[in-house]
file input-v3.txt (compact mmCIF, C-alpha atoms and all ligand atoms)
# COMPACT_ATOMS: atom_id res chain seq x y z
CA MET A 169 1.71 51.32 -77.05
CA ASP A 170 0.92 48.00 -78.52
CA ILE A 171 -1.50 46.18 -76.23
CA THR A 172 0.54 42.91 -76.55
CA LEU A 173 3.68 44.69 -75.36
CA ILE A 174 1.88 46.11 -72.30
CA ALA A 175 0.56 42.66 -71.40
CA ALA A 176 4.06 41.16 -71.71
CA ILE A 177 5.51 43.84 -69.39
CA VAL A 178 2.77 43.24 -66.75
CA ILE A 179 3.38 39.45 -66.81
CA ALA A 180 7.15 39.99 -66.49
CA VAL A 181 6.66 42.30 -63.47
CA VAL A 182 4.32 39.80 -61.74
CA LEU A 183 6.76 36.91 -62.33
CA LEU A 184 9.67 38.93 -60.93
CA ALA A 185 7.66 39.86 -57.81
CA VAL A 186 6.64 36.25 -57.09
CA GLY A 187 10.19 34.97 -57.70
CA GLY A 188 11.64 37.60 -55.37
CA PHE A 189 9.19 36.64 -52.63
CA PHE A 190 10.24 32.96 -52.68
CA LEU A 191 13.93 33.88 -52.82
CA VAL A 192 13.62 35.97 -49.65
CA ARG A 193 11.70 33.18 -47.84
CA THR A 194 14.26 30.47 -48.59
CA GLN A 195 17.18 32.61 -47.40
CA ARG A 196 15.58 33.68 -44.12
CA PRO A 197 17.71 32.29 -41.20
CA VAL A 198 16.06 29.75 -38.92
CA LYS A 199 15.62 31.11 -35.44
CA PRO A 200 16.94 28.73 -32.78
CA GLY A 201 14.15 26.96 -31.09
CA LYS A 202 11.71 27.94 -33.77
CA GLU A 203 12.34 25.45 -36.50
CA GLU A 204 11.09 25.67 -39.98
CA PRO A 205 9.02 22.64 -40.70
CA GLY A 206 11.11 19.75 -42.08
CA PRO A 207 10.83 18.55 -45.65
CA GLU A 208 8.09 16.02 -44.90
CA THR A 209 5.94 18.54 -43.24
CA THR A 210 6.65 21.75 -45.18
CA GLY A 211 3.86 23.57 -46.92
CA ALA A 212 3.63 24.28 -50.68
CA ALA A 213 6.05 27.25 -50.82
CA GLY A 214 8.79 25.47 -48.81
CA ALA A 215 8.40 22.39 -50.95
CA THR A 216 9.10 24.44 -54.02
CA ALA A 217 12.35 25.70 -52.49
CA VAL A 218 13.81 22.33 -51.50
CA GLU A 219 12.50 20.68 -54.61
CA GLU A 220 15.47 22.19 -56.44
CA ASP A 221 17.85 20.32 -54.15
CA ARG A 222 16.18 16.98 -54.63
CA ASP A 223 18.83 14.48 -55.66
CA ARG A 224 17.80 13.43 -59.09
CA ASP A 225 19.22 9.92 -58.76
CA SER A 226 18.10 8.93 -55.36
CA GLY A 227 15.08 11.14 -55.06
CA THR A 228 16.10 11.98 -51.53
CA VAL A 229 16.10 15.50 -50.21
CA ARG A 230 19.45 17.22 -49.63
CA THR A 231 19.00 20.45 -47.78
CA PRO A 232 22.07 22.72 -48.09
CA PRO A 233 24.02 22.83 -44.80
CA SER A 234 23.49 26.56 -44.35
CA GLN A 235 19.77 26.09 -44.59
CA ALA A 236 19.49 22.83 -42.63
CA PRO A 237 17.10 23.21 -39.76
CA PRO A 238 18.76 22.56 -36.40
CA GLU A 239 18.52 18.96 -35.24
CA ALA A 240 15.40 18.61 -33.18
CA PRO A 241 16.35 17.28 -29.73
CA ALA A 242 15.48 13.58 -29.57
CA ALA A 243 12.22 13.32 -27.66
CA GLU A 244 12.88 11.47 -24.40
CA PRO A 245 10.24 8.79 -23.87
CA ALA A 246 8.21 10.08 -20.97
CA ALA A 247 9.10 7.94 -17.96
CA PRO A 248 5.91 6.70 -16.33
CA GLU A 249 5.38 8.47 -13.07
CA LEU A 250 5.83 5.93 -10.30
CA GLU A 251 3.24 5.85 -7.60
CA THR A 252 3.98 5.66 -3.90
CA PRO A 253 1.46 3.29 -2.35
CA PRO A 254 0.74 3.44 1.37
CA PRO A 255 2.54 0.91 3.61
CA SER A 256 0.82 -2.19 4.96
CA ALA A 257 0.49 -0.85 8.49
CA GLY A 258 -2.82 0.84 9.15
CA ARG A 259 -4.43 -0.26 5.90
CA MET A 260 -7.23 -2.21 7.52
CA VAL A 261 -8.02 0.67 9.86
CA ARG A 262 -8.23 2.94 6.82
CA LEU A 263 -10.63 0.50 5.17
CA ARG A 264 -12.66 -0.04 8.34
CA ALA A 265 -15.54 2.10 7.09
CA ARG A 266 -15.94 -0.27 4.11
CA LEU A 267 -16.15 -3.22 6.48
CA ALA A 268 -18.61 -1.43 8.71
CA ARG A 269 -20.81 -0.71 5.69
CA SER A 270 -20.88 -4.31 4.52
CA GLN A 271 -20.82 -6.18 7.83
CA SER A 272 -22.50 -4.02 10.46
CA SER A 273 -26.06 -5.21 9.73
CA PHE A 274 -24.90 -8.63 10.85
CA GLY A 275 -23.22 -7.24 13.99
CA GLN A 276 -26.06 -4.89 14.86
CA GLY A 277 -28.59 -7.67 14.38
CA LEU A 278 -26.73 -9.85 16.86
CA LEU A 279 -26.33 -7.03 19.39
CA ASN A 280 -30.04 -6.14 19.23
CA LEU A 281 -31.09 -9.73 19.76
CA LEU A 282 -28.70 -10.20 22.65
CA SER A 283 -29.83 -7.07 24.47
CA SER A 284 -33.54 -7.61 23.88
CA ASP A 285 -35.82 -7.86 26.96
CA THR A 286 -36.67 -11.50 26.49
CA LEU A 287 -33.87 -13.83 25.59
CA ASP A 288 -35.87 -17.05 25.20
CA ASP A 289 -35.24 -20.12 23.06
CA ASP A 290 -36.64 -18.43 19.98
CA ALA A 291 -34.28 -15.49 20.44
CA TRP A 292 -31.29 -17.84 20.77
CA GLU A 293 -32.38 -19.65 17.67
CA GLU A 294 -32.56 -16.38 15.84
CA ILE A 295 -29.06 -15.52 16.99
CA GLU A 296 -27.82 -18.83 15.65
CA ASP A 297 -29.60 -18.24 12.32
CA THR A 298 -28.02 -14.80 12.04
CA LEU A 299 -24.58 -16.32 12.50
CA ILE A 300 -25.27 -19.04 9.93
CA THR A 301 -26.60 -16.50 7.44
CA ALA A 302 -23.29 -14.66 7.73
CA ASP A 303 -21.55 -17.89 6.56
CA ILE A 304 -19.90 -18.54 9.89
CA GLY A 305 -20.74 -22.24 9.57
CA VAL A 306 -23.19 -24.39 11.52
CA ALA A 307 -20.64 -25.86 13.92
CA SER A 308 -19.15 -22.50 14.90
CA ALA A 309 -22.60 -20.88 15.14
CA SER A 310 -23.88 -23.43 17.63
CA GLN A 311 -20.69 -23.25 19.69
CA ILE A 312 -20.91 -19.47 19.86
CA VAL A 313 -24.57 -19.60 20.93
CA GLU A 314 -23.88 -22.21 23.60
CA SER A 315 -21.04 -20.23 25.04
CA LEU A 316 -22.98 -16.96 24.96
CA ARG A 317 -25.97 -18.59 26.68
CA THR A 318 -23.83 -19.74 29.56
CA ARG A 319 -22.00 -16.47 29.93
CA VAL A 320 -25.15 -14.34 29.75
CA LYS A 321 -26.64 -16.44 32.56
CA VAL A 322 -23.55 -15.92 34.70
CA LEU A 323 -23.37 -12.23 33.87
CA GLY A 324 -26.95 -11.52 35.00
CA SER A 325 -27.38 -8.03 33.58
CA ARG A 326 -27.36 -7.49 29.79
CA GLY A 327 -26.40 -3.88 29.24
CA HIS A 328 -25.24 -2.88 25.73
CA ASP A 329 -21.57 -2.65 26.69
CA GLU A 330 -21.51 -5.99 28.47
CA VAL A 331 -23.23 -7.77 25.62
CA ARG A 332 -20.94 -6.15 23.10
CA ALA A 333 -17.85 -7.21 25.06
CA LEU A 334 -19.12 -10.80 25.28
CA LEU A 335 -19.88 -11.03 21.61
CA ARG A 336 -16.56 -9.44 20.70
CA GLU A 337 -14.70 -12.05 22.73
CA GLU A 338 -16.64 -14.92 21.21
CA LEU A 339 -16.15 -13.75 17.64
CA LEU A 340 -12.45 -13.12 18.18
CA ALA A 341 -12.01 -16.56 19.73
CA HIS A 342 -13.51 -18.13 16.59
CA ILE A 343 -11.63 -15.90 14.16
CA ARG A 344 -8.52 -16.71 16.18
CA THR A 345 -6.19 -13.97 17.24
CA ASP A 346 -3.37 -16.44 17.77
CA ALA A 347 -3.01 -17.52 14.11
CA ASP A 348 0.17 -16.53 12.27
CA ARG A 349 -1.04 -14.24 9.51
CA THR A 350 2.35 -13.09 8.32
CA VAL A 351 2.66 -13.19 4.54
CA ARG A 352 6.16 -14.57 4.02
CA THR A 353 7.65 -11.93 1.77
CA GLU A 354 11.13 -11.57 3.28
CA PRO A 355 14.11 -12.68 1.17
CA HIS A 356 16.18 -15.47 2.70
CA ASN A 357 19.60 -17.03 1.98
CA GLY A 358 20.24 -14.33 -0.60
CA ARG A 359 17.09 -15.28 -2.53
CA PRO A 360 13.77 -13.60 -2.93
CA ALA A 361 10.68 -14.90 -1.21
CA VAL A 362 8.41 -16.60 -3.75
CA ILE A 363 4.64 -16.25 -3.60
CA MET A 364 2.20 -18.08 -5.85
CA VAL A 365 -1.31 -16.70 -6.26
CA VAL A 366 -3.92 -19.35 -7.14
CA GLY A 367 -7.68 -19.74 -7.36
CA VAL A 368 -10.69 -20.21 -9.62
CA ASN A 369 -11.64 -17.79 -12.39
CA GLY A 370 -12.62 -14.27 -11.55
CA THR A 371 -11.94 -14.39 -7.82
CA GLY A 372 -9.47 -11.51 -8.11
CA LYS A 373 -6.06 -13.21 -8.50
CA THR A 374 -4.48 -10.73 -10.89
CA THR A 375 -5.92 -7.81 -8.98
CA THR A 376 -4.67 -9.24 -5.70
CA THR A 377 -1.21 -9.89 -7.19
CA GLY A 378 -1.04 -6.27 -8.34
CA LYS A 379 -2.36 -4.92 -5.06
CA LEU A 380 0.05 -7.08 -3.05
CA ALA A 381 2.94 -5.73 -5.12
CA ARG A 382 1.79 -2.26 -4.13
CA VAL A 383 1.62 -3.22 -0.44
CA LEU A 384 5.20 -4.49 -0.62
CA VAL A 385 6.52 -1.52 -2.57
CA GLY A 386 4.74 0.69 -0.02
CA ASP A 387 6.80 -1.12 2.64
CA GLY A 388 10.01 -0.39 0.72
CA ARG A 389 10.47 -3.80 -0.90
CA SER A 390 11.56 -4.62 -4.45
CA VAL A 391 9.21 -6.93 -6.32
CA VAL A 392 9.29 -8.96 -9.56
CA LEU A 393 5.97 -10.12 -11.00
CA GLY A 394 5.47 -13.30 -13.02
CA ALA A 395 2.56 -13.27 -15.48
CA ALA A 396 1.96 -17.03 -15.48
CA ASP A 397 -1.67 -16.55 -16.46
CA THR A 398 -0.79 -17.11 -20.10
CA PHE A 399 -4.29 -18.36 -20.82
CA ARG A 400 -5.89 -14.91 -20.73
CA ALA A 401 -3.86 -12.32 -22.67
CA ALA A 402 -5.62 -9.49 -20.87
CA ALA A 403 -4.33 -10.81 -17.54
CA THR A 404 -0.73 -10.24 -18.67
CA GLU A 405 -1.55 -6.70 -19.78
CA GLN A 406 -3.41 -6.11 -16.54
CA LEU A 407 -0.41 -7.26 -14.53
CA GLN A 408 1.95 -5.17 -16.66
CA THR A 409 -0.10 -2.11 -15.79
CA TRP A 410 0.02 -2.91 -12.08
CA GLY A 411 3.79 -3.44 -12.28
CA SER A 412 4.50 -0.30 -14.30
CA ARG A 413 2.67 1.86 -11.83
CA VAL A 414 5.05 0.94 -9.02
CA GLY A 415 8.18 0.11 -11.02
CA ALA A 416 7.97 -3.68 -10.55
CA PRO A 417 9.30 -5.60 -13.58
CA VAL A 418 6.89 -8.11 -15.08
CA VAL A 419 8.18 -11.35 -16.61
CA ARG A 420 5.82 -12.33 -19.39
CA LYS A 421 5.57 -14.48 -22.51
CA GLU A 422 3.22 -14.82 -25.40
CA GLU A 423 -0.36 -15.98 -24.94
CA GLY A 424 -0.54 -19.76 -24.53
CA ALA A 425 3.10 -20.09 -23.37
CA ASP A 426 3.90 -22.68 -20.72
CA PRO A 427 2.96 -21.07 -17.38
CA ALA A 428 5.62 -23.10 -15.57
CA SER A 429 8.36 -21.60 -17.75
CA VAL A 430 7.09 -18.06 -17.08
CA ALA A 431 7.08 -18.77 -13.36
CA PHE A 432 10.60 -20.25 -13.55
CA ASP A 433 11.90 -17.23 -15.49
CA ALA A 434 10.28 -14.84 -13.04
CA VAL A 435 12.04 -16.49 -10.12
CA SER A 436 15.35 -16.50 -12.06
CA ARG A 437 14.94 -12.80 -12.76
CA GLY A 438 14.12 -12.12 -9.13
CA ILE A 439 17.30 -13.94 -8.07
CA GLU A 440 19.47 -12.14 -10.69
CA GLU A 441 18.14 -8.74 -9.70
CA GLY A 442 18.39 -9.40 -5.98
CA ALA A 443 14.68 -8.67 -5.57
CA ASP A 444 13.02 -9.13 -2.20
CA THR A 445 9.89 -10.87 -3.44
CA VAL A 446 8.66 -12.63 -6.58
CA ILE A 447 4.88 -12.88 -6.95
CA ILE A 448 3.50 -15.27 -9.56
CA ASP A 449 -0.02 -14.78 -10.86
CA THR A 450 -1.54 -18.01 -12.20
CA ALA A 451 -4.49 -18.60 -14.48
CA GLY A 452 -7.94 -19.11 -13.01
CA ARG A 453 -8.90 -22.76 -13.02
CA LEU A 454 -11.89 -24.71 -11.91
CA HIS A 455 -11.05 -26.94 -8.99
CA THR A 456 -13.10 -29.64 -10.71
CA LYS A 457 -10.87 -29.83 -13.81
CA THR A 458 -8.17 -32.37 -13.08
CA GLY A 459 -5.93 -31.40 -16.03
CA LEU A 460 -5.79 -27.77 -14.97
CA MET A 461 -5.18 -28.65 -11.36
CA ASP A 462 -2.31 -30.93 -12.44
CA GLU A 463 -0.86 -28.03 -14.43
CA LEU A 464 -0.88 -25.91 -11.28
CA GLY A 465 0.99 -28.60 -9.40
CA LYS A 466 3.55 -28.61 -12.21
CA VAL A 467 4.03 -24.82 -12.02
CA LYS A 468 4.87 -25.17 -8.35
CA ARG A 469 7.22 -28.13 -8.88
CA VAL A 470 9.09 -26.31 -11.66
CA VAL A 471 9.51 -23.19 -9.53
CA GLU A 472 10.84 -25.37 -6.72
CA LYS A 473 13.72 -26.44 -8.97
CA LYS A 474 14.90 -22.87 -8.64
CA SER A 475 13.73 -21.82 -5.22
CA GLN A 476 11.40 -22.81 -2.45
CA VAL A 477 7.86 -21.48 -2.65
CA ASP A 478 7.32 -19.54 0.55
CA GLU A 479 3.67 -18.78 0.22
CA VAL A 480 0.76 -20.14 -1.79
CA LEU A 481 -2.08 -17.67 -1.49
CA LEU A 482 -5.50 -18.97 -2.41
CA VAL A 483 -7.73 -16.14 -3.57
CA LEU A 484 -11.34 -16.70 -2.51
CA ASP A 485 -14.28 -14.52 -3.41
CA ALA A 486 -16.15 -13.82 -0.14
CA THR A 487 -19.45 -13.67 -2.00
CA THR A 488 -19.33 -17.30 -3.13
CA GLY A 489 -19.98 -18.95 0.27
CA GLN A 490 -19.96 -22.74 0.41
CA ASN A 491 -18.62 -23.02 -3.12
CA GLY A 492 -15.53 -21.11 -1.99
CA LEU A 493 -14.95 -23.75 0.66
CA ARG A 494 -15.09 -26.58 -1.83
CA GLN A 495 -12.57 -24.76 -4.03
CA ALA A 496 -10.30 -24.20 -1.07
CA ARG A 497 -10.24 -27.87 -0.17
CA VAL A 498 -9.21 -29.03 -3.65
CA PHE A 499 -6.56 -26.33 -4.13
CA GLY A 500 -5.18 -27.19 -0.71
CA GLU A 501 -4.70 -30.78 -1.80
CA VAL A 502 -2.81 -29.84 -4.97
CA VAL A 503 -0.55 -26.99 -3.93
CA ASN A 504 -0.46 -26.86 -0.13
CA VAL A 505 -2.14 -23.50 0.39
CA THR A 506 -0.46 -21.44 3.13
CA GLY A 507 -2.82 -18.48 3.32
CA ILE A 508 -6.13 -17.12 2.08
CA ALA A 509 -6.65 -13.78 0.38
CA LEU A 510 -10.37 -13.14 0.82
CA THR A 511 -11.58 -10.66 -1.79
CA LYS A 512 -14.78 -8.67 -2.29
CA LEU A 513 -15.51 -8.48 1.41
CA ASP A 514 -16.86 -5.02 0.65
CA GLY A 515 -19.64 -6.60 -1.39
CA THR A 516 -21.16 -9.04 1.08
CA ALA A 517 -22.47 -9.17 4.63
CA LYS A 518 -21.16 -12.74 4.90
CA GLY A 519 -17.89 -11.98 6.63
CA GLY A 520 -18.42 -15.09 8.76
CA ILE A 521 -16.80 -17.04 5.91
CA ILE A 522 -13.48 -16.10 7.53
CA VAL A 523 -14.32 -18.31 10.51
CA GLN A 524 -15.55 -21.18 8.36
CA VAL A 525 -12.72 -21.23 5.85
CA GLN A 526 -10.06 -21.15 8.54
CA ARG A 527 -11.80 -23.88 10.50
CA GLU A 528 -12.28 -26.12 7.48
CA LEU A 529 -8.80 -25.67 6.04
CA GLY A 530 -6.69 -24.88 9.05
CA VAL A 531 -5.19 -22.06 6.97
CA PRO A 532 -5.40 -18.43 8.11
CA VAL A 533 -6.92 -15.56 6.17
CA LYS A 534 -3.91 -13.33 5.62
CA LEU A 535 -5.21 -10.64 3.30
CA VAL A 536 -8.59 -9.12 2.67
CA GLY A 537 -9.80 -7.26 -0.41
CA LEU A 538 -12.14 -4.42 0.39
CA GLY A 539 -12.75 -2.73 -2.94
CA GLU A 540 -11.61 -2.26 -6.50
CA GLY A 541 -9.20 0.59 -5.75
CA PRO A 542 -5.46 -0.14 -6.09
CA ASP A 543 -4.85 0.14 -2.37
CA ASP A 544 -7.97 -1.67 -1.19
CA LEU A 545 -6.06 -4.74 -0.01
CA ALA A 546 -5.02 -5.07 3.62
CA PRO A 547 -3.30 -7.54 5.91
CA PHE A 548 -6.16 -9.10 7.88
CA ASP A 549 -6.50 -7.84 11.45
CA PRO A 550 -9.17 -9.76 13.43
CA GLU A 551 -9.69 -7.02 16.03
CA VAL A 552 -10.29 -4.30 13.47
CA PHE A 553 -12.64 -6.68 11.65
CA VAL A 554 -14.74 -7.50 14.73
CA ASP A 555 -14.87 -3.88 15.85
CA ALA A 556 -16.11 -2.88 12.40
CA ILE A 557 -18.81 -5.57 12.61
CA LEU A 558 -19.98 -4.48 16.04
CA GLY A 559 -19.82 -0.75 15.35
N1 LIG A 601 -15.40 -5.04 -5.01
C1 LIG A 601 -14.27 -5.71 -5.15
N2 LIG A 601 -13.88 -6.16 -6.35
C2 LIG A 601 -12.73 -6.85 -6.45
C3 LIG A 601 -11.92 -7.11 -5.33
N3 LIG A 601 -10.84 -7.83 -5.76
C4 LIG A 601 -10.98 -7.99 -7.09
N4 LIG A 601 -12.12 -7.41 -7.52
C5 LIG A 601 -12.66 -7.38 -8.88
O1 LIG A 601 -12.88 -8.69 -9.34
C6 LIG A 601 -12.79 -8.71 -10.76
C7 LIG A 601 -11.93 -9.89 -11.19
O2 LIG A 601 -10.60 -9.64 -10.82
P1 LIG A 601 -9.35 -10.30 -11.57
O3 LIG A 601 -8.16 -9.94 -10.77
O4 LIG A 601 -9.35 -10.01 -13.00
O5 LIG A 601 -9.71 -11.84 -11.36
P2 LIG A 601 -8.84 -13.12 -11.76
O6 LIG A 601 -9.06 -14.09 -10.66
O7 LIG A 601 -7.45 -12.75 -12.04
O8 LIG A 601 -9.58 -13.56 -13.06
P3 LIG A 601 -9.17 -14.77 -14.09
O9 LIG A 601 -7.78 -14.52 -14.53
O10 LIG A 601 -10.20 -14.68 -15.16
O11 LIG A 601 -9.30 -16.01 -13.32
C8 LIG A 601 -12.22 -7.36 -11.17
O12 LIG A 601 -13.27 -6.56 -11.63
C9 LIG A 601 -11.68 -6.80 -9.87
O13 LIG A 601 -11.68 -5.40 -9.83
C10 LIG A 601 -12.35 -6.64 -4.04
O14 LIG A 601 -11.73 -6.84 -3.00
N5 LIG A 601 -13.53 -5.94 -4.01

call {"tool": "encode", "arguments": {"input": "input-v3.txt", "output": "structure tokens", "more": "lines below"}}
Ligand SMILES: Nc1nc2c(ncn2[C@@H]2O[C@H](COP(=O)(O)OP(=O)(O)OP(=O)(O)O)[C@@H](O)[C@H]2O)c(=O)[nH]1
result
Amino acid sequence: MDITLIAAIVIAVVLLAVGGFFLVRTQRPVKPGKEEPGPETTGAAGATAVEEDRDRDSGTVRTPPSQAPPEAPAAEPAAPELETPPPSAGRMVRLRARLARSQSSFGQGLLNLLSSDTLDDDAWEEIEDTLITADIGVASASQIVESLRTRVKVLGSRGHDEVRALLREELLAHIRTDADRTVRTEPHNGRPAVIMVVGVNGTGKTTTTGKLARVLVGDGRSVVLGAADTFRAAATEQLQTWGSRVGAPVVRKEEGADPASVAFDAVSRGIEEGADTVIIDTAGRLHTKTGLMDELGKVKRVVEKKSQVDEVLLVLDATTGQNGLRQARVFGEVVNVTGIALTKLDGTAKGGIIVQVQRELGVPVKLVGLGEGPDDLAPFDPEVFVDAILG
């Protein structure tokens, strides 16, 4: 046979075989649940098959109905899993070990000095110094020493238990067990309670706002958050994350927006939704900057057009000592602070600041931050605090 003829027959057979293969592939039914890849994602062979159906005018792909892959079920956006934070009750007891770690050197130091064999003038001076070092304040320290001196004399013996009981009483008297530490979060007259969170930069305002929302949600309340820290874009994102985790809506605007209008909108939303509590996070501001302090006053006044502000929480960083007190005074003058949230108490042995700040401001510490974890914020309980100090 002519060699050219043989070659032609071989080529014809190969072409027929390849053509047949593609024909079978394109006619194979699509198994439910096991889709053929769509046009955009098909491989080279599939592309060849649908290429023939490409609309010449529009260039779009028209797959014949019989061959159309079944509609892929629309992917439901995965709902974020809501967390269930623990309630407020018992939080401080749970965090007691943190307090004991940070504060017990102060308590143990005092107990050792008080039960030492010789309690002379030098020893009393050392007791006073220990109290001052813990930021309790000079006035309170000398009052405590005076009172202890008298009582120890009357008591006669100085066993560990007696000394501990005396010191416990003195510290509690100065921390004040009679102060009203309720954070006003209850709705009233069909309106949500409104809380403003204020303070200087980096004290933990946004974190405390987020943690407080968790405390309230843990107690079964509904919360709306207002991201009025429009100065720092990350603060809004941070707050959004806190809110999303517990299902609390966050009212926010673009970076640089008027904080007063965000606060106003947050309260309006809280009222519309029948929320229990609206918490407004504000930007950190130096108490020395008059313009920024005026802005804070404006935020409060604008909110008050809509609803009364039930609580102004000043967030103070426990590690900043005297500077924290100065801040507290100025904020108190501008926005009438009703309670202190003392953060980072896990990072300092200077828990005595509680005594000093309350004494100076006449405003109770209502919340304490004891760590960076989401549930490391607790309503302040003086007895748990003192017991953690004394071990
Ligand atoms: N250890 C410890 N860290 C805390 C506590 N509270 C807040 N922080 C940390 O303090 C840092 C500052 O917290 P933020 O909430 O961003 O502070 P802010 O006051 O909102 O900051 P500005 O918006 O810049 O003013 C973060 O790293 C927090 O995790 C606390 O109780 N203990």

call {"tool": "atom_distance", "arguments": {"input": "input-v3.txt", "atom1": "atom CA of Ile439 of chain A", "atom2": "atom CA of Thr398 of chain A"}}
result
22.0 Å

call {"tool": "residues_around", "arguments": {"input": "input-v3.txt", "residues": "Thr409 of chain A", "least_positions_apart": "3", "cutoff": "12 Å", "atoms": "only C-alpha atoms", "output": "MDAnalysis selection string"}}
result
chainID A and resid 248 250:251 374:375 377:379 381:382 393 395 402:406 412:418 542

call {"tool": "atom_distance", "arguments": {"input": "input-v3.txt", "atom1": "atom CA of Glu479 of chain A", "atom2": "atom CA of Leu263 of chain A"}}
result
24.5 Å

call {"tool": "residues_around", "arguments": {"input": "input-v3.txt", "residues": "Met364 of chain A", "least_positions_apart": "6", "cutoff": "12 Å", "atoms": "all atoms listed in the file", "output": "count of residues only"}}
result
48

call {"tool": "closest_residue", "arguments": {"input": "input-v3.txt", "among": "A:Ala302, A:Ala268, A:Ala546, A:Ala347", "to": "ligand LIG 601 (chain A)", "atoms": "all atoms listed in the file"}}
result
A:Ala546

call {"tool": "residues_near_ligand", "arguments": {"input": "input-v3.txt", "ligand": "ligand LIG 601 (chain A)", "cutoff": "6 Å", "atoms": "all atoms listed in the file", "output": "PyMOL selection string"}}
result
chain A and resi 368-375+403+451-452+511-512+514-515+537-540

call {"tool": "closest_residue", "arguments": {"input": "input-v3.txt", "among": "A:Asp303, A:Asp444, A:Asp462, A:Glu338", "to": "Val498 of chain A", "atoms": "all atoms listed in the file"}}
result
A:Asp462

call {"tool": "residues_near_point", "arguments": {"input": "input-v3.txt", "point": "(-7.1, -25.2, 7.5)", "cutoff": "10 Å", "atoms": "only C-alpha atoms", "output": "VMD selection string"}}
result
chain A and resid 496 to 497 500 505 to 508 524 to 533

call {"tool": "atom_distance", "arguments": {"input": "input-v3.txt", "atom1": "atom CA of Leu558 of chain A", "atom2": "atom CA of Pro255 of chain A"}}
result
26.3 Å

call {"tool": "residues_around", "arguments": {"input": "input-v3.txt", "residues": "Gly258 of chain A", "least_positions_apart": "5", "cutoff": "12 Å", "atoms": "all atoms listed in the file", "output": "PyMOL selection string"}}
result
chain A and resi 263-264+383+386-387+543-549+552

call {"tool": "closest_residue", "arguments": {"input": "input-v3.txt", "among": "A:Phe553, A:Phe274, A:Phe499, A:Trp410", "to": "Arg344 of chain A", "atoms": "only C-alpha atoms"}}
result
A:Phe553

call {"tool": "residues_around", "arguments": {"input": "input-v3.txt", "residues": "Ile521 of chain A", "least_positions_apart": "5", "cutoff": "7 Å", "atoms": "all atoms listed in the file", "output": "ChimeraX atom specification"}}
result
/A:303-304,486,489

call {"tool": "decode", "arguments": {"input": "input-v3.txt", "residues": "segment 290-322 of chain A", "atoms": "C-alpha atoms", "output": "PDB file, in the first residue's frame"}}
result
ATOM      1  CA  ASP A 290      11.011  52.523 113.444  1.00  0.00           C
ATOM      2  CA  ALA A 291       8.668  49.602 112.820  1.00  0.00           C
ATOM      3  CA  TRP A 292       5.648  51.929 112.744  1.00  0.00           C
ATOM      4  CA  GLU A 293       7.451  54.191 110.354  1.00  0.00           C
ATOM      5  CA  GLU A 294       8.159  51.252 108.134  1.00  0.00           C
ATOM      6  CA  ILE A 295       4.492  50.292 108.196  1.00  0.00           C
ATOM      7  CA  GLU A 296       3.573  53.803 107.138  1.00  0.00           C
ATOM      8  CA  ASP A 297       6.146  53.713 104.318  1.00  0.00           C
ATOM      9  CA  THR A 298       4.763  50.390 103.104  1.00  0.00           C
ATOM     10  CA  LEU A 299       1.290  51.895 102.910  1.00  0.00           C
ATOM     11  CA  ILE A 300       2.550  54.976 101.068  1.00  0.00           C
ATOM     12  CA  THR A 301       4.523  52.838  98.618  1.00  0.00           C
ATOM     13  CA  ALA A 302       1.291  51.049  97.766  1.00  0.00           C
ATOM     14  CA  ASP A 303      -0.161  54.455  96.722  1.00  0.00           C
ATOM     15  CA  ILE A 304      -2.623  54.605  99.587  1.00  0.00           C
ATOM     16  CA  GLY A 305      -1.798  58.287 100.080  1.00  0.00           C
ATOM     17  CA  VAL A 306       0.032  60.042 102.911  1.00  0.00           C
ATOM     18  CA  ALA A 307      -3.074  61.171 104.788  1.00  0.00           C
ATOM     19  CA  SER A 308      -4.697  57.727 104.810  1.00  0.00           C
ATOM     20  CA  ALA A 309      -1.392  56.020 105.655  1.00  0.00           C
ATOM     21  CA  SER A 310      -0.831  58.107 108.757  1.00  0.00           C
ATOM     22  CA  GLN A 311      -4.444  57.669 109.881  1.00  0.00           C
ATOM     23  CA  ILE A 312      -4.194  53.910 109.499  1.00  0.00           C
ATOM     24  CA  VAL A 313      -0.927  53.790 111.473  1.00  0.00           C
ATOM     25  CA  GLU A 314      -2.324  55.947 114.258  1.00  0.00           C
ATOM     26  CA  SER A 315      -5.406  53.831 114.598  1.00  0.00           C
ATOM     27  CA  LEU A 316      -3.438  50.573 114.492  1.00  0.00           C
ATOM     28  CA  ARG A 317      -1.014  51.839 117.147  1.00  0.00           C
ATOM     29  CA  THR A 318      -3.843  52.560 119.540  1.00  0.00           C
ATOM     30  CA  ARG A 319      -5.638  49.316 118.900  1.00  0.00           C
ATOM     31  CA  VAL A 320      -2.508  47.170 119.194  1.00  0.00           C
ATOM     32  CA  LYS A 321      -1.822  48.767 122.581  1.00  0.00           C
ATOM     33  CA  VAL A 322      -5.340  47.978 123.755  1.00  0.00           C
TER      34      VAL A 322
END
